[in-house]
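Text of run_13.cif (mmCIF, C-alpha atoms) as supplied:
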```
data_query
loop_
_atom_site.label_atom_id
_atom_site.label_comp_id
_atom_site.auth_asym_id
_atom_site.auth_seq_id
_atom_site.Cartn_x
_atom_site.Cartn_y
_atom_site.Cartn_z
CA MET A 1105 16.92 -57.95 16.14
CA PRO A 1106 16.39 -54.43 17.59
CA VAL A 1107 19.77 -52.93 18.46
CA PHE A 1108 21.30 -49.48 18.73
CA THR A 1109 24.92 -48.40 18.66
CA VAL A 1110 26.47 -46.36 21.48
CA LYS A 1111 29.44 -43.98 21.51
CA ASP A 1112 32.20 -46.62 21.66
CA GLY A 1113 30.62 -48.68 18.87
CA THR A 1114 29.07 -51.31 21.14
CA GLN A 1115 25.72 -52.64 19.93
CA LEU A 1116 23.05 -53.00 22.59
CA TYR A 1117 19.80 -54.96 22.38
CA TYR A 1118 16.38 -53.79 23.50
CA GLU A 1119 12.71 -54.80 23.40
CA ASP A 1120 9.99 -52.28 22.53
CA TRP A 1121 6.47 -53.35 23.44
CA GLY A 1122 3.14 -51.56 23.25
CA ALA A 1123 2.19 -47.97 22.53
CA GLY A 1124 1.56 -44.90 24.64
CA ARG A 1125 3.68 -43.06 27.16
CA PRO A 1126 7.09 -44.73 27.39
CA VAL A 1127 8.33 -46.63 30.42
CA VAL A 1128 12.02 -47.60 30.32
CA LEU A 1129 12.74 -50.61 32.54
CA LEU A 1130 16.35 -50.83 33.75
CA SER A 1131 17.29 -54.19 35.20
CA SER A 1132 19.11 -55.32 38.31
CA ALA A 1133 22.90 -55.51 38.14
CA THR A 1134 23.66 -58.89 36.54
CA MET A 1135 20.21 -59.56 35.10
CA ASN A 1136 18.74 -58.46 31.78
CA SER A 1137 15.47 -57.44 30.17
CA ARG A 1138 13.98 -60.89 30.70
CA MET A 1139 13.59 -60.11 34.41
CA TRP A 1140 10.70 -57.79 33.50
CA GLU A 1141 8.37 -60.48 32.15
CA PHE A 1142 5.99 -59.89 35.08
CA GLN A 1143 5.86 -56.11 34.58
CA ALA A 1144 6.29 -55.34 30.87
CA PRO A 1145 3.33 -57.37 29.48
CA PHE A 1146 1.09 -56.00 32.24
CA LEU A 1147 2.03 -52.38 31.56
CA ALA A 1148 1.99 -52.72 27.76
CA ALA A 1149 -1.49 -54.26 27.86
CA ARG A 1150 -2.71 -51.19 29.75
CA GLY A 1151 -1.63 -48.50 27.34
CA LEU A 1152 2.03 -47.93 28.08
CA ARG A 1153 5.02 -48.40 25.80
CA CYS A 1154 7.63 -50.55 27.53
CA VAL A 1155 11.26 -50.27 26.46
CA LEU A 1156 13.56 -52.93 27.92
CA PRO A 1157 17.29 -52.64 27.21
CA ASP A 1158 19.93 -55.28 27.87
CA ARG A 1159 22.81 -53.51 29.60
CA ARG A 1160 26.23 -53.84 27.93
CA GLY A 1161 27.85 -57.12 28.87
CA PHE A 1162 24.55 -58.90 29.53
CA GLY A 1163 21.69 -60.65 27.77
CA ARG A 1164 21.70 -60.16 24.01
CA SER A 1165 23.90 -57.06 23.99
CA GLU A 1166 27.58 -57.07 23.04
CA ARG A 1167 30.12 -57.70 25.77
CA PRO A 1168 32.98 -55.22 25.59
CA TRP A 1169 35.86 -55.28 28.06
CA ASP A 1170 35.21 -51.77 29.40
CA GLY A 1171 32.35 -49.39 30.05
CA TYR A 1172 30.78 -50.67 33.27
CA ASP A 1173 30.99 -47.39 35.18
CA TYR A 1174 27.90 -45.27 35.78
CA ASP A 1175 28.96 -42.51 33.38
CA THR A 1176 29.21 -44.92 30.44
CA LEU A 1177 26.01 -46.74 31.39
CA ALA A 1178 24.18 -43.42 31.63
CA ASP A 1179 25.51 -42.42 28.21
CA ASP A 1180 24.33 -45.77 26.82
CA LEU A 1181 20.87 -45.00 28.18
CA ALA A 1182 20.97 -41.54 26.61
CA CYS A 1183 21.74 -43.12 23.23
CA LEU A 1184 18.71 -45.40 23.60
CA LEU A 1185 16.34 -42.55 24.46
CA GLU A 1186 17.68 -40.53 21.55
CA HIS A 1187 17.55 -43.52 19.17
CA LEU A 1188 13.86 -44.01 19.93
CA GLN A 1189 13.18 -40.25 20.31
CA LEU A 1190 11.44 -40.87 23.63
CA ARG A 1191 9.76 -38.01 25.48
CA GLU A 1192 7.88 -37.86 28.78
CA ALA A 1193 9.42 -41.20 29.74
CA THR A 1194 9.17 -42.88 33.11
CA LEU A 1195 12.51 -44.40 34.10
CA VAL A 1196 12.19 -47.46 36.33
CA GLY A 1197 15.53 -48.32 37.84
CA TYR A 1198 15.75 -51.63 39.66
CA ALA A 1199 18.65 -52.04 42.13
CA MET A 1200 21.72 -50.96 40.13
CA GLY A 1201 19.35 -49.70 37.45
CA GLY A 1202 18.40 -47.01 39.95
CA GLY A 1203 21.95 -45.69 39.96
CA GLU A 1204 22.01 -45.84 36.18
CA ALA A 1205 18.84 -43.75 35.96
CA VAL A 1206 20.00 -41.21 38.53
CA ARG A 1207 23.37 -40.74 36.82
CA TYR A 1208 21.55 -40.33 33.49
CA LEU A 1209 19.52 -37.46 34.94
CA ALA A 1210 22.66 -35.87 36.39
CA ARG A 1211 24.57 -36.07 33.08
CA HIS A 1212 21.83 -35.55 30.53
CA GLY A 1213 19.03 -33.72 32.29
CA SER A 1214 15.32 -34.49 32.41
CA HIS A 1215 14.13 -33.12 29.06
CA ARG A 1216 13.19 -36.65 27.95
CA VAL A 1217 12.06 -37.87 31.38
CA ALA A 1218 8.84 -37.12 33.25
CA ARG A 1219 9.13 -39.48 36.22
CA LEU A 1220 11.58 -41.71 38.08
CA ALA A 1221 10.84 -44.91 39.99
CA LEU A 1222 13.57 -46.46 42.13
CA VAL A 1223 12.76 -50.06 43.04
CA CYS A 1224 15.06 -51.83 45.51
CA SER A 1225 17.64 -49.28 44.42
CA THR A 1226 21.24 -49.48 45.64
CA THR A 1227 21.45 -45.68 45.73
CA PRO A 1228 22.90 -43.53 47.17
CA TYR A 1229 26.12 -45.19 48.42
CA LEU A 1230 26.75 -48.72 49.68
CA LEU A 1231 30.41 -48.60 50.71
CA ARG A 1232 31.46 -47.84 54.27
CA ALA A 1233 33.47 -44.63 54.41
CA PRO A 1234 34.29 -41.93 57.00
CA ASP A 1235 31.26 -39.95 55.83
CA ASN A 1236 29.16 -43.11 55.37
CA PRO A 1237 29.87 -45.10 58.57
CA GLU A 1238 26.75 -47.27 58.27
CA GLY A 1239 27.82 -48.54 54.85
CA ILE A 1240 28.95 -52.04 53.98
CA GLU A 1241 32.57 -53.06 54.50
CA ALA A 1242 34.76 -53.28 51.40
CA ALA A 1243 35.64 -56.84 52.41
CA VAL A 1244 32.10 -57.90 51.50
CA LEU A 1245 32.67 -56.69 47.94
CA GLU A 1246 35.98 -58.52 47.67
CA GLU A 1247 34.39 -61.72 48.97
CA ALA A 1248 31.65 -61.44 46.35
CA VAL A 1249 34.20 -60.85 43.57
CA ALA A 1250 36.29 -63.81 44.72
CA ALA A 1251 33.20 -66.03 44.83
CA MET A 1252 32.09 -64.98 41.35
CA THR A 1253 35.56 -65.54 39.95
CA SER A 1254 35.95 -69.01 41.44
CA ASP A 1255 32.39 -70.38 41.01
CA ARG A 1256 29.94 -67.89 39.56
CA ALA A 1257 27.13 -70.42 39.14
CA GLY A 1258 27.45 -71.56 42.73
CA TYR A 1259 27.62 -68.00 44.01
CA MET A 1260 24.49 -66.90 42.13
CA ALA A 1261 22.57 -69.95 43.34
CA GLN A 1262 23.62 -69.18 46.90
CA CYS A 1263 22.42 -65.58 46.54
CA ALA A 1264 18.97 -66.63 45.33
CA VAL A 1265 17.54 -67.47 48.77
CA PRO A 1266 18.14 -64.09 50.45
CA PHE A 1267 17.41 -62.30 47.15
CA PHE A 1268 13.89 -63.70 46.99
CA GLY A 1269 13.18 -64.81 50.53
CA GLY A 1270 14.68 -62.37 52.99
CA PRO A 1271 17.64 -62.82 55.32
CA GLY A 1272 18.04 -66.32 56.68
CA ALA A 1273 15.13 -67.67 54.67
CA ALA A 1274 15.15 -71.37 53.90
CA PRO A 1275 14.50 -72.47 50.31
CA HIS A 1276 11.08 -73.89 51.18
CA SER A 1277 9.96 -70.51 52.52
CA LEU A 1278 10.34 -68.77 49.18
CA THR A 1279 7.10 -67.54 47.64
CA LEU A 1280 8.26 -68.65 44.17
CA SER A 1281 8.48 -72.10 42.65
CA PRO A 1282 11.99 -73.61 42.51
CA HIS A 1283 11.66 -73.65 38.72
CA LEU A 1284 11.08 -69.90 38.60
CA VAL A 1285 13.94 -69.26 41.03
CA ASP A 1286 16.20 -71.36 38.80
CA PHE A 1287 15.08 -69.47 35.69
CA LEU A 1288 15.76 -66.11 37.30
CA THR A 1289 19.08 -67.25 38.78
CA ARG A 1290 20.30 -68.43 35.37
CA GLN A 1291 19.63 -64.95 34.02
CA ALA A 1292 22.35 -63.67 36.34
CA LEU A 1293 24.80 -65.93 34.48
CA ASP A 1294 23.75 -64.63 31.06
CA GLY A 1295 26.57 -62.12 30.87
CA SER A 1296 30.35 -62.05 30.82
CA LEU A 1297 32.32 -62.61 34.01
CA ARG A 1298 34.17 -59.35 33.38
CA ALA A 1299 30.88 -57.44 33.17
CA SER A 1300 29.52 -59.09 36.31
CA VAL A 1301 32.60 -58.24 38.36
CA GLU A 1302 32.92 -54.65 37.13
CA ILE A 1303 29.21 -53.94 37.49
CA THR A 1304 29.36 -55.21 41.06
CA ARG A 1305 32.32 -52.94 41.82
CA THR A 1306 30.48 -49.97 40.35
CA LEU A 1307 27.24 -50.42 42.27
CA PHE A 1308 29.15 -50.99 45.51
CA THR A 1309 31.71 -48.18 45.36
CA GLN A 1310 30.15 -45.28 43.45
CA ASP A 1311 28.76 -42.37 45.45
CA LEU A 1312 25.50 -41.00 44.00
CA ARG A 1313 24.51 -38.66 46.81
CA GLN A 1314 24.98 -35.47 44.81
CA ASP A 1315 23.24 -37.00 41.79
CA LEU A 1316 20.17 -37.68 43.91
CA CYS A 1317 20.10 -34.10 45.16
CA ASP A 1318 19.84 -32.95 41.55
CA VAL A 1319 16.84 -35.14 40.61
CA ASP A 1320 14.09 -32.77 39.46
CA VAL A 1321 11.26 -35.10 38.43
CA PRO A 1322 8.54 -36.75 40.55
CA THR A 1323 10.09 -39.82 42.16
CA LEU A 1324 8.62 -43.00 43.60
CA ILE A 1325 10.79 -45.20 45.82
CA VAL A 1326 9.70 -48.81 46.39
CA HIS A 1327 11.66 -51.04 48.75
CA GLY A 1328 11.32 -54.13 50.91
CA ASP A 1329 12.01 -53.84 54.62
CA GLN A 1330 13.90 -57.18 54.63
CA ASP A 1331 16.25 -56.40 51.74
CA PRO A 1332 19.75 -57.72 52.60
CA THR A 1333 21.34 -56.52 49.35
CA ALA A 1334 20.20 -52.90 49.52
CA PRO A 1335 19.22 -52.34 53.16
CA LEU A 1336 16.15 -50.16 53.64
CA GLU A 1337 17.74 -47.56 55.92
CA LEU A 1338 21.00 -47.34 53.97
CA CYS A 1339 19.36 -47.13 50.54
CA ALA A 1340 15.67 -46.25 50.29
CA HIS A 1341 15.40 -43.93 53.28
CA ARG A 1342 18.64 -42.10 52.47
CA SER A 1343 17.66 -41.78 48.81
CA ALA A 1344 14.32 -40.34 49.89
CA CYS A 1345 16.01 -37.75 52.08
CA LEU A 1346 18.12 -36.56 49.15
CA ILE A 1347 15.40 -36.37 46.47
CA PRO A 1348 13.07 -33.41 47.06
CA GLY A 1349 9.42 -34.38 47.21
CA SER A 1350 9.95 -38.12 46.64
CA ARG A 1351 7.43 -40.66 47.91
CA THR A 1352 8.47 -43.95 49.53
CA VAL A 1353 6.46 -47.18 49.67
CA VAL A 1354 7.82 -49.97 51.89
CA TYR A 1355 6.78 -53.59 51.35
CA GLU A 1356 6.64 -55.31 54.71
CA GLY A 1357 8.55 -58.60 54.62
CA GLY A 1358 9.83 -57.86 51.12
CA SER A 1359 13.38 -58.80 50.15
CA HIS A 1360 15.34 -57.73 47.05
CA GLY A 1361 13.35 -59.60 44.40
CA LEU A 1362 10.09 -57.66 44.59
CA PHE A 1363 9.66 -57.79 40.80
CA ALA A 1364 8.90 -61.51 41.24
CA THR A 1365 7.78 -62.00 44.85
CA HIS A 1366 5.45 -58.99 44.88
CA ALA A 1367 4.77 -58.71 41.15
CA ASP A 1368 1.06 -57.91 41.36
CA ARG A 1369 1.51 -55.11 43.86
CA LEU A 1370 4.52 -53.67 42.06
CA ASN A 1371 2.70 -53.79 38.71
CA THR A 1372 -0.19 -51.76 40.10
CA GLU A 1373 2.22 -49.33 41.77
CA LEU A 1374 4.12 -48.71 38.52
CA LEU A 1375 0.98 -48.43 36.40
CA THR A 1376 -0.52 -45.83 38.70
CA PHE A 1377 2.72 -43.86 38.86
CA ALA A 1378 3.44 -43.92 35.12
CA THR A 1379 -0.10 -43.06 34.06
CA PRO A 1380 -0.80 -39.32 34.39
#
```

Encoded form (structure tokens):
Amino acid sequence: MPVFTVKDGTQLYYEDWGAGRPVVLLSSATMNSRMWEFQAPFLAARGLRCVLPDRRGFGRSERPWDGYDYDTLADDLACLLEHLQLREATLVGYAMGGGEAVRYLARHGSHRVARLALVCSTTPYLLRAPDNPEGIEAAVLEEAVAAMTSDRAGYMAQCAVPFFGGPGAAPHSLTLSPHLVDFLTRQALDGSLRASVEITRTLFTQDLRQDLCDVDVPTLIVHGDQDPTAPLELCAHRSACLIPGSRTVVYEGGSHGLFATHADRLNTELLTFATP
């Protein structure tokens, strides 16, 4: 089983498919490398090397008690890139994975990275604050934590409809089969409760505005205009304003699960961006 060891001794799992310029696919908060089964085979079959890590606490990686802050996650990513000696990599950060990628660039620089793609990213800052008055109230975070703690399976199932179908969408309006929605929802349970709670706190409360200002590689931002988890104006548009020269693509009617609901379009977008 392909694993690498990070600074605190935790062993993390990854997949490594194909050959060519590397594309590192960083998953959504409580999901794992399996979420990329629409993108990774497509990209690998077209001449790119796809590296898919399981974040600490999730999937097939070890599940330590601590280390779910962006600094540690970025250092974990640095260990992976060094372990595989990757150069000219494209980082694709999905939702929380976007914050992970941005913090990596802030802490470790871009000498191994050629491009950055932020897909449905939760950057730059979700929490409402005096200098972020359009942010989301802290009570929403506490409600999510309480729901996860009391009935994580029920909470994740409840989140699936807006995640894949847009705000207020009924189950029958989803573009995916119920079997696929169930498969993807169960991925969100394939991690420790501790990791799920702490990861959620991190993505909600950490301010990445300065990190985004320091991004110095070509950046593509892809976002749905009906995303209730990472609202377009709060996340994609503000991230774009902070990253010099970034390009934004908005999927009309798209919610937070573009990797599944708009897989064909996203695949083409990523292939074009990652292929020089």

(request) Go through A:Phe1146, A:Tyr1355, A:Phe1287, A:Tyr1118 and flag the residue nearest Arg1160 in chain A, using all atoms listed in the file for the distances. (result)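 Closest to Arg1160 in chain A of all the choices is A:Tyr1118.
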
(message) Between A:Gly1163, A:Pro1348, A:Gly1202, A:Pro1237, which residue has the minimum interatomic distance to Ala1221 in chain A, considering only C-alpha atoms?
(response)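 Of A:Gly1163, A:Pro1348, A:Gly1202, A:Pro1237, the one nearest Ala1221 in chain A is A:Gly1202, counting only C-alpha atoms.
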
(request) Evaluate the PyMOL selection byres ((chain A and resi 1331) around 7) here and jot the selected residues down as number ranges by chain. (result) A: 1270, 1328-1330, 1332-1336, 1358-1360

(request) Rank A:Val1354, A:Ala1148, A:Met1252, A:Ala1367 by their smallest atom-to-atom distance to Ala1299 in chain A, using only C-alpha atoms, and report the top residue only. (result)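 Checking each of A:Val1354, A:Ala1148, A:Met1252, A:Ala1367 against Ala1299 in chain A, counting only C-alpha atoms, the winner is A:Met1252.
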
(request) Expand the PyMOL selection byres ((chain A and resi 1203) around 8) into the individual residues it matches in the shown file, reporting them as a PyMOL selection string. (result) chain A and resi 1174+1197+1199-1202+1204-1207+1225-1228+1307+1312

Any chance you could work out the residue set of the PyMOL selection byres ((chain A and resi 1257) around 9) here, as a short mmCIF file (atom, residue, chain, number, x, y, z; two decimals) with C-alpha atoms, keeping the file's coordinate frame?
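Wrote it out as selection17.cif, contents follow:
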```cif
data_model
loop_
_atom_site.label_atom_id
_atom_site.label_comp_id
_atom_site.auth_asym_id
_atom_site.auth_seq_id
_atom_site.Cartn_x
_atom_site.Cartn_y
_atom_site.Cartn_z
CA MET A 1252 32.09 -64.98 41.35
CA ASP A 1255 32.39 -70.38 41.01
CA ARG A 1256 29.94 -67.89 39.56
CA GLY A 1258 27.45 -71.56 42.73
CA TYR A 1259 27.62 -68.00 44.01
CA MET A 1260 24.49 -66.90 42.13
CA ALA A 1261 22.57 -69.95 43.34
CA GLN A 1262 23.62 -69.18 46.90
CA THR A 1289 19.08 -67.25 38.78
CA ARG A 1290 20.30 -68.43 35.37
CA ALA A 1292 22.35 -63.67 36.34
CA LEU A 1293 24.80 -65.93 34.48
#
```

(message) Please list as a PyMOL selection string every residue within 8 Å of Ala1364 in chain A, counting only C-alpha atoms and excluding residues in the same chain fewer than 4 positions away.
(response) chain A and resi 1142+1268+1280

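Of the residues listed (A:Cys1224, A:Val1244, A:Leu1152, A:Ala1210), A:Cys1224 shows the shortest atom-to-atom separation from Leu1362 in chain A; distances use all atoms listed in the file.
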
(message) Every residue with an atom at most 12 Å from (21.5, -36.6, 34.9) (file coordinates; only C-alpha atoms) is what I'm after, so could you write them as JSON, numbers by chain?
(response) {"A": [1174, 1175, 1177, 1178, 1179, 1181, 1182, 1195, 1202, 1203, 1204, 1205, 1206, 1207, 1208, 1209, 1210, 1211, 1212, 1213, 1214, 1215, 1216, 1217, 1220, 1312, 1314, 1315, 1316, 1317, 1318, 1319, 1320, 1321]}

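Closest approach to Leu1222 in chain A among A:Gln1143, A:Ser1296, A:Thr1194, A:Ser1137 is made by A:Thr1194 (distances from all atoms listed in the file).
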
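Here the question is which of A:Glu1337, A:Gly1161, A:Ala1144, A:Thr1134 gets nearest to Gln1115 in chain A using all atoms listed in the file, and that residue is A:Gly1161.
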
(request) One decimal, Å: what's the distance from CA of Ile1303 in chain A over to CA of Ala1133 in chain A, could you say? (result)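 Answer for the CA of Ile1303 in chain A to CA of Ala1133 in chain A separation: 6.5 Å.
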
(request) Work out how far CA of Leu1245 in chain A is from CA of Trp1169 in chain A, in Å to one decimal. (result)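 Computing the Euclidean distance for CA of Trp1169 in chain A and CA of Leu1245 in chain A yields 20.2 Å.
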
Find the nearest atom pair between each residue of range 1239-1327 of chain A and range 1371-1374 of chain A for residues within 12 Å, count only C-alpha atoms, give distances in Å to one decimal, sort rows by chain and ascending number, and present the table as a tab-separated table.
```
residue	atom	partner	partner_atom	distance
A:Thr1323	CA	A:Leu1374	CA	11.3
A:Leu1324	CA	A:Leu1374	CA	8.9
A:Ile1325	CA	A:Glu1373	CA	10.3
A:Val1326	CA	A:Glu1373	CA	8.8
A:His1327	CA	A:Glu1373	CA	11.9
```

(request) In Å, rounded to a single decimal, give me how far CA of Ala1378 in chain A is from CA of Tyr1117 in chain A. (result)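 Atom-to-atom, CA of Tyr1117 in chain A to CA of Ala1378 in chain A, that is 23.5 Å.
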